[in-house]
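Text of the file model.cif, holding mmCIF, C-alpha atoms:
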data_model
loop_
_atom_site.label_atom_id
_atom_site.label_comp_id
_atom_site.auth_asym_id
_atom_site.auth_seq_id
_atom_site.Cartn_x
_atom_site.Cartn_y
_atom_site.Cartn_z
CA MET A 1 -62.19 50.43 -77.22
CA ARG A 2 -63.89 52.81 -74.78
CA CYS A 3 -67.63 53.25 -74.87
CA CYS A 4 -69.08 56.35 -73.18
CA VAL A 5 -72.48 55.88 -71.60
CA LEU A 6 -74.53 57.37 -68.78
CA LEU A 7 -75.68 54.33 -66.88
CA SER A 8 -79.33 54.31 -65.83
CA LEU A 9 -79.55 51.01 -64.04
CA ALA A 10 -81.50 52.29 -61.05
CA VAL A 11 -82.75 48.84 -60.15
CA PRO A 12 -82.98 47.07 -56.80
CA ILE A 13 -80.08 44.82 -55.91
CA ALA A 14 -80.82 41.13 -56.10
CA HIS A 15 -81.28 39.47 -52.74
CA GLY A 16 -77.92 38.82 -51.12
CA CYS A 17 -76.04 41.67 -52.84
CA GLY A 18 -76.69 44.54 -50.45
CA PRO A 19 -74.30 45.64 -47.73
CA THR A 20 -76.79 44.78 -44.99
CA ASP A 21 -76.93 41.09 -45.98
CA LYS A 22 -74.85 38.77 -43.82
CA SER A 23 -73.13 35.88 -45.54
CA GLU A 24 -72.78 32.63 -43.66
CA ASP A 25 -69.26 32.17 -42.37
CA THR A 26 -67.55 29.12 -43.83
CA GLY A 27 -64.11 27.58 -44.08
CA ASP A 28 -61.52 26.14 -41.73
CA ALA A 29 -59.73 28.60 -39.50
CA PRO A 30 -55.97 29.12 -39.52
CA ALA A 31 -53.97 28.11 -36.48
CA GLY A 32 -54.88 30.18 -33.45
CA SER A 33 -58.21 31.40 -34.76
CA ASP A 34 -61.78 30.34 -35.38
CA ALA A 35 -63.73 31.17 -38.56
CA GLY A 36 -66.87 31.50 -36.42
CA GLY A 37 -65.28 34.07 -34.11
CA PRO A 38 -62.19 34.69 -31.98
CA SER A 39 -60.87 31.60 -30.23
CA PRO A 40 -61.06 31.47 -26.42
CA ASP A 41 -57.27 31.78 -26.27
CA ALA A 42 -57.05 34.76 -28.63
CA PRO A 43 -55.65 37.99 -27.17
CA PRO A 44 -58.20 40.65 -26.26
CA PRO A 45 -59.00 43.29 -28.89
CA GLU A 46 -56.61 46.23 -29.03
CA GLU A 47 -57.92 49.52 -27.66
CA VAL A 48 -58.30 52.22 -30.31
CA GLU A 49 -59.90 55.63 -30.59
CA ALA A 50 -62.89 55.46 -32.92
CA SER A 51 -65.58 57.96 -33.73
CA PRO A 52 -68.37 58.30 -36.30
CA LEU A 53 -67.27 60.55 -39.16
CA PHE A 54 -70.37 60.85 -41.36
CA GLU A 55 -73.56 59.05 -42.36
CA VAL A 56 -74.54 57.90 -45.85
CA VAL A 57 -78.20 57.66 -46.86
CA GLY A 58 -78.68 54.15 -48.23
CA GLY A 59 -75.50 52.98 -46.49
CA PRO A 60 -71.87 53.12 -47.64
CA PHE A 61 -70.61 50.04 -49.48
CA ASP A 62 -67.04 50.93 -50.45
CA LEU A 63 -64.81 53.93 -49.67
CA THR A 64 -61.96 55.77 -51.34
CA SER A 65 -59.96 58.89 -50.46
CA ALA A 66 -59.08 61.79 -52.75
CA PRO A 67 -55.80 63.69 -52.27
CA ASP A 68 -57.69 66.80 -51.12
CA GLY A 69 -59.24 64.92 -48.19
CA ARG A 70 -62.66 64.25 -49.67
CA ILE A 71 -64.04 60.77 -49.03
CA PHE A 72 -66.15 59.09 -51.71
CA ALA A 73 -68.58 56.33 -50.81
CA SER A 74 -70.31 53.99 -53.21
CA VAL A 75 -73.98 53.42 -52.46
CA ALA A 76 -74.96 49.99 -53.76
CA GLU A 77 -78.40 51.16 -54.83
CA HIS A 78 -77.37 53.71 -57.44
CA ALA A 79 -74.93 56.44 -56.48
CA ILE A 80 -71.59 57.79 -55.37
CA ASP A 81 -71.67 60.20 -52.42
CA VAL A 82 -68.88 62.51 -51.29
CA TRP A 83 -68.01 63.88 -47.84
CA ASP A 84 -66.11 67.17 -47.73
CA PRO A 85 -64.05 67.60 -44.54
CA GLU A 86 -64.10 71.41 -44.85
CA SER A 87 -67.88 71.65 -44.79
CA ASP A 88 -68.44 68.35 -42.92
CA TRP A 89 -71.24 67.70 -45.40
CA VAL A 90 -72.27 64.70 -47.49
CA GLU A 91 -73.81 65.19 -50.91
CA THR A 92 -74.51 63.04 -53.94
CA HIS A 93 -71.57 63.30 -56.32
CA THR A 94 -73.40 61.48 -59.08
CA ASP A 95 -76.38 59.13 -59.25
CA ASN A 96 -78.33 56.91 -61.67
CA LEU A 97 -75.23 54.74 -61.93
CA GLY A 98 -76.88 51.40 -61.24
CA ALA A 99 -75.53 49.08 -58.55
CA VAL A 100 -72.16 50.63 -57.66
CA PHE A 101 -69.85 48.37 -55.65
CA GLY A 102 -66.07 48.82 -55.64
CA ILE A 103 -64.68 52.36 -55.87
CA VAL A 104 -61.07 53.62 -56.18
CA TRP A 105 -59.54 57.07 -56.67
CA ALA A 106 -56.68 56.91 -59.19
CA ASP A 107 -55.20 59.18 -61.86
CA ASP A 108 -57.26 62.16 -60.62
CA THR A 109 -60.59 60.43 -61.13
CA ILE A 110 -62.80 57.64 -59.83
CA TYR A 111 -62.87 54.08 -61.11
CA TYR A 112 -65.69 51.83 -59.99
CA SER A 113 -67.48 48.55 -60.67
CA VAL A 114 -71.18 48.00 -61.35
CA SER A 115 -73.49 45.00 -61.62
CA ASN A 116 -77.02 44.72 -62.96
CA HIS A 117 -78.84 41.98 -61.01
CA ARG A 118 -75.71 39.76 -61.13
CA GLN A 119 -76.30 39.33 -64.86
CA SER A 120 -73.93 41.89 -66.35
CA GLY A 121 -71.24 44.11 -64.91
CA ALA A 122 -68.45 46.45 -65.90
CA LEU A 123 -65.31 48.31 -64.89
CA MET A 124 -66.12 52.03 -65.19
CA GLU A 125 -64.26 55.32 -65.18
CA LEU A 126 -66.10 58.44 -64.03
CA GLU A 127 -65.60 61.35 -66.41
CA GLY A 128 -67.37 64.32 -64.86
CA ARG A 129 -70.77 62.87 -63.95
CA THR A 130 -70.74 60.31 -66.77
CA GLY A 131 -69.63 56.69 -66.56
CA THR A 132 -67.30 55.36 -69.25
CA VAL A 133 -67.08 51.60 -69.75
CA LEU A 134 -63.48 50.41 -69.72
CA ALA A 135 -64.18 46.66 -69.76
CA ASP A 136 -67.10 44.31 -69.38
CA ALA A 137 -65.87 40.98 -70.75
CA ALA A 138 -62.88 38.68 -71.16
CA GLY A 139 -63.48 37.07 -74.53
CA SER A 140 -66.87 35.37 -74.43
CA THR A 141 -67.13 35.60 -70.62
CA ILE A 142 -68.94 38.73 -69.47
CA PHE A 143 -68.53 40.28 -66.04
CA ARG A 144 -71.50 39.46 -63.85
CA GLU A 145 -70.92 40.68 -60.28
CA PRO A 146 -67.62 42.58 -59.93
CA ARG A 147 -67.90 43.55 -56.27
CA ASP A 148 -64.49 45.18 -55.87
CA LEU A 149 -61.47 46.46 -57.77
CA CYS A 150 -57.90 47.49 -57.08
CA GLN A 151 -54.87 48.65 -59.03
CA ALA A 152 -52.11 46.03 -59.12
CA PRO A 153 -48.41 46.89 -58.69
CA ASP A 154 -47.97 47.07 -62.49
CA GLY A 155 -50.96 49.37 -62.95
CA ALA A 156 -53.42 46.70 -64.14
CA TRP A 157 -56.94 46.73 -62.73
CA VAL A 158 -58.01 43.61 -60.84
CA LEU A 159 -61.71 42.91 -60.23
CA ALA A 160 -63.27 40.25 -57.99
CA ASP A 161 -66.38 38.73 -59.61
CA THR A 162 -68.37 36.99 -56.87
CA THR A 163 -70.92 35.25 -59.09
CA LEU A 164 -68.33 33.83 -61.48
CA GLY A 165 -65.91 33.04 -58.65
CA THR A 166 -62.91 34.51 -60.45
CA LEU A 167 -60.74 37.58 -60.83
CA PHE A 168 -60.50 39.68 -63.98
CA VAL A 169 -57.30 41.51 -64.93
CA VAL A 170 -57.77 44.59 -67.14
CA ARG A 171 -54.83 46.29 -68.88
CA ASP A 172 -54.31 49.03 -71.45
CA ASP A 173 -57.59 50.88 -70.77
CA GLY A 174 -59.62 47.77 -71.39
CA GLU A 175 -57.85 46.57 -74.53
CA SER A 176 -56.59 43.48 -72.68
CA VAL A 177 -58.85 41.52 -70.29
CA GLU A 178 -58.01 38.11 -68.82
CA GLN A 179 -59.49 35.83 -66.20
CA LEU A 180 -57.38 34.82 -63.21
CA GLY A 181 -58.63 31.86 -61.21
CA VAL A 182 -58.06 31.74 -57.46
CA PRO A 183 -58.65 28.91 -54.93
CA LEU A 184 -61.29 30.97 -53.17
CA GLU A 185 -65.03 30.62 -52.73
CA GLY A 186 -66.96 33.79 -53.53
CA PRO A 187 -64.16 36.31 -54.13
CA SER A 188 -65.65 39.70 -53.29
CA THR A 189 -62.83 42.05 -52.31
CA VAL A 190 -59.31 42.85 -53.55
CA THR A 191 -56.42 45.10 -52.58
CA ALA A 192 -52.71 45.38 -53.37
CA ASP A 193 -49.38 46.57 -52.04
CA ALA A 194 -46.07 47.11 -53.86
CA THR A 195 -45.52 43.42 -54.63
CA HIS A 196 -48.76 41.49 -54.09
CA VAL A 197 -52.44 41.41 -54.94
CA TYR A 198 -54.76 40.06 -52.24
CA ALA A 199 -58.25 38.67 -52.81
CA GLY A 200 -60.80 37.74 -50.16
CA GLY A 201 -64.31 36.41 -49.81
CA GLU A 202 -66.34 33.68 -48.17
CA GLY A 203 -63.46 31.22 -48.45
CA GLY A 204 -60.79 33.39 -46.84
CA VAL A 205 -57.86 35.39 -48.24
CA VAL A 206 -55.34 34.58 -50.97
CA ARG A 207 -52.06 36.32 -51.81
CA ILE A 208 -50.63 36.56 -55.32
CA THR A 209 -47.04 37.66 -55.93
CA TRP A 210 -47.69 39.92 -58.89
CA PRO A 211 -47.91 39.25 -61.75
CA GLU A 212 -46.81 35.65 -62.20
CA GLY A 213 -47.16 34.19 -58.71
CA THR A 214 -49.39 31.27 -57.76
CA PRO A 215 -52.33 32.28 -55.52
CA GLU A 216 -51.82 30.97 -51.98
CA ILE A 217 -54.29 30.92 -49.11
CA ILE A 218 -53.02 32.95 -46.15
CA ASP A 219 -56.16 33.07 -43.98
CA ALA A 220 -59.32 30.93 -44.04
CA ARG A 221 -61.62 33.41 -42.29
CA PRO A 222 -64.33 34.94 -44.49
CA VAL A 223 -63.87 38.64 -45.15
CA ASN A 224 -65.99 41.62 -46.23
CA GLY A 225 -63.10 43.94 -47.05
CA LEU A 226 -59.30 44.09 -47.32
CA HIS A 227 -57.02 47.10 -46.96
CA VAL A 228 -53.24 47.52 -46.61
CA VAL A 229 -51.82 50.01 -44.12
CA GLY A 230 -48.02 49.97 -43.92
CA ASP A 231 -46.99 46.35 -43.44
CA THR A 232 -50.40 45.20 -42.16
CA LEU A 233 -53.17 43.69 -44.24
CA TRP A 234 -56.41 44.52 -42.43
CA ALA A 235 -59.65 42.63 -43.03
CA THR A 236 -63.22 42.77 -41.77
CA ASN A 237 -65.95 40.27 -41.00
CA PRO A 238 -68.95 40.17 -38.63
CA ASP A 239 -67.31 37.95 -36.00
CA TRP A 240 -63.75 39.29 -35.87
CA GLY A 241 -64.57 42.90 -36.69
CA VAL A 242 -61.44 44.60 -38.03
CA PHE A 243 -58.49 42.21 -37.79
CA ALA A 244 -54.98 41.65 -39.14
CA VAL A 245 -54.90 38.85 -41.72
CA GLY A 246 -53.02 35.74 -40.60
CA THR A 247 -53.01 36.78 -36.93
CA ASP A 248 -55.28 37.00 -33.90
CA ARG A 249 -54.94 40.79 -33.73
CA ARG A 250 -58.23 42.63 -33.83
CA LEU A 251 -59.42 46.12 -33.00
CA ASP A 252 -61.95 47.00 -30.33
CA LEU A 253 -64.85 48.63 -32.23
CA PRO A 254 -67.99 47.68 -30.28
CA ASP A 255 -70.13 50.42 -31.85
CA VAL A 256 -69.49 49.35 -35.45
CA ARG A 257 -72.29 46.89 -36.13
CA ARG A 258 -70.91 45.24 -39.28
CA PRO A 259 -67.55 46.48 -40.58
CA GLY A 260 -67.30 46.38 -44.37
CA ARG A 261 -64.85 48.16 -46.67
CA MET A 262 -61.97 50.41 -45.57
CA THR A 263 -59.74 53.22 -46.80
CA GLY A 264 -57.12 55.60 -45.39
CA THR A 265 -54.09 55.10 -43.17
CA ASP A 266 -54.37 56.99 -39.88
CA PRO A 267 -57.19 57.32 -39.32
CA LEU A 268 -58.41 54.13 -40.90
CA LEU A 269 -61.91 54.71 -42.25
CA VAL A 270 -64.38 51.84 -41.91
CA ALA A 271 -67.79 51.57 -43.58
CA ASP A 272 -70.42 50.21 -41.20
CA TRP A 273 -72.65 48.01 -43.37
CA GLY A 274 -75.01 47.50 -40.44
CA GLY A 275 -75.25 51.08 -39.22
CA GLY A 276 -74.98 53.14 -42.39
CA GLY A 277 -72.09 55.33 -41.25
CA VAL A 278 -68.35 55.75 -41.75
CA TRP A 279 -66.04 55.54 -38.74
CA ALA A 280 -62.59 57.02 -38.20
CA VAL A 281 -60.25 54.68 -36.31
CA SER A 282 -56.88 55.84 -34.97
CA LEU A 283 -54.10 53.32 -35.65
CA SER A 284 -51.35 55.32 -33.97
CA ALA A 285 -51.52 53.19 -30.83
CA VAL A 286 -51.47 49.83 -32.61
CA GLU A 287 -49.17 50.26 -35.61
#
I need this file expressed as structure tokens, please.
Amino acid sequence: MRCCVLLSLAVPIAHGCGPTDKSEDTGDAPAGSDAGGPSPDAPPPEEVEASPLFEVVGGPFDLTSAPDGRIFASVAEHAIDVWDPESDWVETHTDNLGAVFGIVWADDTIYYSVSNHRQSGALMELEGRTGTVLADAAGSTIFREPRDLCQAPDGAWVLADTTLGTLFVVRDDGESVEQLGVPLEGPSTVTADATHVYAGGEGGVVRITWPEGTPEIIDARPVNGLHVVGDTLWATNPDWGVFAVGTDRRLDLPDVRRPGRMTGTDPLLVADWGGGGVWAVSLSAVE
């Protein structure tokens, strides 16, 4: 059952939730890498063309692309901003949404996740400037800190709840909600391709052959964001920057202070959690 509300949760994010906080890197590294940074024997970063695209007041947390070229950025404090490539201008698309984290363009609209002080959260659909709650609980377990969302290969929505340490799977416009446990500390980001769902966080990255596969760890490095481009699963963290999961490949982005979430193909767009801007990175030389 859908419930239409205009969220007014304009509250400060609890300490540790904001995009400028830096989580402590943990976990054992996969062969050929080091969870605390690139190993001495790792290849040098690959040269890429990168340039700042636009700035977001309050800092961009997550990014999504609309078919017409507009880029939407969630601002963890309260809002969703939009950058229009024709005018090269950023404006607030809608505000007073509470703590907006994950954001995805799908079915000609925006879906996003919110959390109120890590105590209650929801999967939302934006209808005009109004947020509609699609799901906020699986049985007696309420969402607490859904930091990211993605659409699985079968159309289900998958959310990563960092506080509860689990994934939620939402089907049929919120009529069906289930928990999906993963062997991962602090899941905070999710993405998908045609056959898999990937989840990442402080404990690394897991891959799930969708929908019945067993989650398997494919990289032990902590990650801020995950994004699939072609056959490559890209990830971000403070030490490795933007890197290919399961490999020592990484991109040379010295001006991006703390790479967070990503969207796009070529260019790849990267939210700088440390600098407050969005960068455009050409992948044509590395893909």
| said: Report, in Å with one decimal, the straight-line distance from CA of Glu47 in chain A to CA of Phe61 in chain A. | reply: 25.2 Å
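Neighbours of Leu253 in chain A closer than or equal to 8 Å, with only C-alpha atoms counted and sequence neighbours fewer than 5 positions away skipped, come out as Val48, Ala50, Gly241 and Val242 of chain A.
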| message | Quick check on the file I pasted: which residues fall under the PyMOL selection byres ((chain A and resi 173-179) around 9)? Write them as a ChimeraX atom specification. | response | /A:1-2,123,133-139,141,156,166-172,180-181
Dump C-alpha atoms for the selected residues as a JSON list (two decimals), in the frame of the given file?
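Listed below is the output, part_27.json:
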[["chain", "number", "residue", "atom", "x", "y", "z"],
["A", 1, "MET", "CA", -62.19, 50.43, -77.22],
["A", 2, "ARG", "CA", -63.89, 52.81, -74.78],
["A", 123, "LEU", "CA", -65.31, 48.31, -64.89],
["A", 133, "VAL", "CA", -67.08, 51.60, -69.75],
["A", 134, "LEU", "CA", -63.48, 50.41, -69.72],
["A", 135, "ALA", "CA", -64.18, 46.66, -69.76],
["A", 136, "ASP", "CA", -67.10, 44.31, -69.38],
["A", 137, "ALA", "CA", -65.87, 40.98, -70.75],
["A", 138, "ALA", "CA", -62.88, 38.68, -71.16],
["A", 139, "GLY", "CA", -63.48, 37.07, -74.53],
["A", 141, "THR", "CA", -67.13, 35.60, -70.62],
["A", 156, "ALA", "CA", -53.42, 46.70, -64.14],
["A", 166, "THR", "CA", -62.91, 34.51, -60.45],
["A", 167, "LEU", "CA", -60.74, 37.58, -60.83],
["A", 168, "PHE", "CA", -60.50, 39.68, -63.98],
["A", 169, "VAL", "CA", -57.30, 41.51, -64.93],
["A", 170, "VAL", "CA", -57.77, 44.59, -67.14],
["A", 171, "ARG", "CA", -54.83, 46.29, -68.88],
["A", 172, "ASP", "CA", -54.31, 49.03, -71.45],
["A", 180, "LEU", "CA", -57.38, 34.82, -63.21],
["A", 181, "GLY", "CA", -58.63, 31.86, -61.21]]
| field | Residues within 8 Å of range 229-236 of chain A, only C-alpha atoms, excluding chain neighbours under 4 positions, as a VMD selection string | value | chain A and resid 223 to 225 240 to 245 259 to 261 264 to 265
| Neighbour residues at most 9 Å from (-57.9, 46.6, -58.0) (only C-alpha atoms) as a ChimeraX atom specification | /A:102,104,148-152,155-160,169,189-192,197
| Explicit residue set for the PyMOL selection byres ((chain A and resi 126-128) around 12), as a ChimeraX atom specification | /A:3-7,79-80,93-95,97,100,103-114,123-125,129-134
| query | Could you name the residues that touch Ser115 in chain A at 9 Å or less, counting all atoms listed in the file, but leaving out those on the same chain fewer than 6 positions away, as a ChimeraX atom specification? | reply | /A:9,13,98-101,121-122,143-147
| query | In Å, how far is it from CA of Gly59 in chain A to CA of Ile142 in chain A? | reply |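 If I compute the distance from CA of Gly59 in chain A to CA of Ile142 in chain A, I get 27.8 Å.
The two atoms in question, CA of Leu226 in chain A and CA of Gly200 in chain A, are spaced 7.1 Å apart.
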| On this structure, which residues satisfy the PyMOL selection byres ((chain A and resi 284) around 9), written as a list in words? | Val48, Asp266, Pro267, Ser282, Leu283, Ala285, Val286 and Glu287 of chain A
Could the residues in this selection be saved with C-alpha atoms as a PDB file, in the coordinates of the input?
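Writing the result to again-v5.pdb gives the following:
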ATOM      1  CA  VAL A  48     -58.300  52.220 -30.310  1.00  0.00           C
ATOM      2  CA  ASP A 266     -54.370  56.990 -39.880  1.00  0.00           C
ATOM      3  CA  PRO A 267     -57.190  57.320 -39.320  1.00  0.00           C
ATOM      4  CA  SER A 282     -56.880  55.840 -34.970  1.00  0.00           C
ATOM      5  CA  LEU A 283     -54.100  53.320 -35.650  1.00  0.00           C
ATOM      6  CA  ALA A 285     -51.520  53.190 -30.830  1.00  0.00           C
ATOM      7  CA  VAL A 286     -51.470  49.830 -32.610  1.00  0.00           C
ATOM      8  CA  GLU A 287     -49.170  50.260 -35.610  1.00  0.00           C
TER       9      GLU A 287
END
| Residue nearest Pro222 in chain A - candidates A:Pro153, A:Gly37, A:Pro52, A:Pro45, atoms counted: only C-alpha atoms |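 Between A:Pro153, A:Gly37, A:Pro52, A:Pro45, the residue approaching Pro222 in chain A most closely is A:Gly37.
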Let me have the centre and edge lengths in Å, one decimal, of the box along x, y and z around every listed atom of range 85-94 of chain A with 6 Å of margin on each side, as AutoDock Vina command-line options.
--center_x -69.3 --center_y 66.6 --center_z -51.0 --size_x 22.5 --size_y 22.2 --size_z 28.2
Taking N, CA and C atoms as the atom set, what does range 190-206 of chain A look like once completed, written as a PDB file, in the frame of the given file?
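File produced: part09.pdb:
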ATOM      1  N   VAL A 190     -60.713  42.913 -53.147  1.00  0.00           N
ATOM      2  CA  VAL A 190     -59.310  42.850 -53.550  1.00  0.00           C
ATOM      3  C   VAL A 190     -58.590  44.099 -53.081  1.00  0.00           C
ATOM      4  N   THR A 191     -57.283  43.963 -52.869  1.00  0.00           N
ATOM      5  CA  THR A 191     -56.420  45.100 -52.580  1.00  0.00           C
ATOM      6  C   THR A 191     -55.002  44.710 -52.988  1.00  0.00           C
ATOM      7  N   ALA A 192     -54.079  45.654 -52.923  1.00  0.00           N
ATOM      8  CA  ALA A 192     -52.710  45.380 -53.370  1.00  0.00           C
ATOM      9  C   ALA A 192     -51.727  46.238 -52.587  1.00  0.00           C
ATOM     10  N   ASP A 193     -50.481  45.755 -52.538  1.00  0.00           N
ATOM     11  CA  ASP A 193     -49.380  46.570 -52.040  1.00  0.00           C
ATOM     12  C   ASP A 193     -48.332  46.649 -53.156  1.00  0.00           C
ATOM     13  N   ALA A 194     -47.094  46.894 -52.832  1.00  0.00           N
ATOM     14  CA  ALA A 194     -46.070  47.110 -53.860  1.00  0.00           C
ATOM     15  C   ALA A 194     -45.687  45.841 -54.597  1.00  0.00           C
ATOM     16  N   THR A 195     -45.984  44.672 -54.017  1.00  0.00           N
ATOM     17  CA  THR A 195     -45.520  43.420 -54.630  1.00  0.00           C
ATOM     18  C   THR A 195     -46.602  42.357 -54.773  1.00  0.00           C
ATOM     19  N   HIS A 196     -47.734  42.528 -54.103  1.00  0.00           N
ATOM     20  CA  HIS A 196     -48.760  41.490 -54.090  1.00  0.00           C
ATOM     21  C   HIS A 196     -50.139  42.050 -54.390  1.00  0.00           C
ATOM     22  N   VAL A 197     -51.003  41.169 -54.884  1.00  0.00           N
ATOM     23  CA  VAL A 197     -52.440  41.410 -54.940  1.00  0.00           C
ATOM     24  C   VAL A 197     -53.090  40.422 -53.976  1.00  0.00           C
ATOM     25  N   TYR A 198     -54.048  40.898 -53.194  1.00  0.00           N
ATOM     26  CA  TYR A 198     -54.760  40.060 -52.240  1.00  0.00           C
ATOM     27  C   TYR A 198     -56.229  40.019 -52.627  1.00  0.00           C
ATOM     28  N   ALA A 199     -56.826  38.842 -52.533  1.00  0.00           N
ATOM     29  CA  ALA A 199     -58.250  38.670 -52.810  1.00  0.00           C
ATOM     30  C   ALA A 199     -58.884  37.955 -51.638  1.00  0.00           C
ATOM     31  N   GLY A 200     -60.102  38.368 -51.283  1.00  0.00           N
ATOM     32  CA  GLY A 200     -60.800  37.740 -50.160  1.00  0.00           C
ATOM     33  C   GLY A 200     -62.260  37.536 -50.462  1.00  0.00           C
ATOM     34  N   GLY A 201     -62.895  36.708 -49.652  1.00  0.00           N
ATOM     35  CA  GLY A 201     -64.310  36.410 -49.810  1.00  0.00           C
ATOM     36  C   GLY A 201     -64.763  35.419 -48.774  1.00  0.00           C
ATOM     37  N   GLU A 202     -65.797  34.655 -49.111  1.00  0.00           N
ATOM     38  CA  GLU A 202     -66.340  33.680 -48.170  1.00  0.00           C
ATOM     39  C   GLU A 202     -65.322  32.617 -47.792  1.00  0.00           C
ATOM     40  N   GLY A 203     -64.415  32.297 -48.700  1.00  0.00           N
ATOM     41  CA  GLY A 203     -63.460  31.220 -48.450  1.00  0.00           C
ATOM     42  C   GLY A 203     -62.155  31.655 -47.825  1.00  0.00           C
ATOM     43  N   GLY A 204     -62.009  32.938 -47.472  1.00  0.00           N
ATOM     44  CA  GLY A 204     -60.790  33.390 -46.840  1.00  0.00           C
ATOM     45  C   GLY A 204     -60.046  34.411 -47.676  1.00  0.00           C
ATOM     46  N   VAL A 205     -58.709  34.407 -47.571  1.00  0.00           N
ATOM     47  CA  VAL A 205     -57.860  35.390 -48.240  1.00  0.00           C
ATOM     48  C   VAL A 205     -56.737  34.675 -48.968  1.00  0.00           C
ATOM     49  N   VAL A 206     -56.482  35.093 -50.223  1.00  0.00           N
ATOM     50  CA  VAL A 206     -55.340  34.580 -50.970  1.00  0.00           C
ATOM     51  C   VAL A 206     -54.389  35.717 -51.286  1.00  0.00           C
TER      52      VAL A 206
END
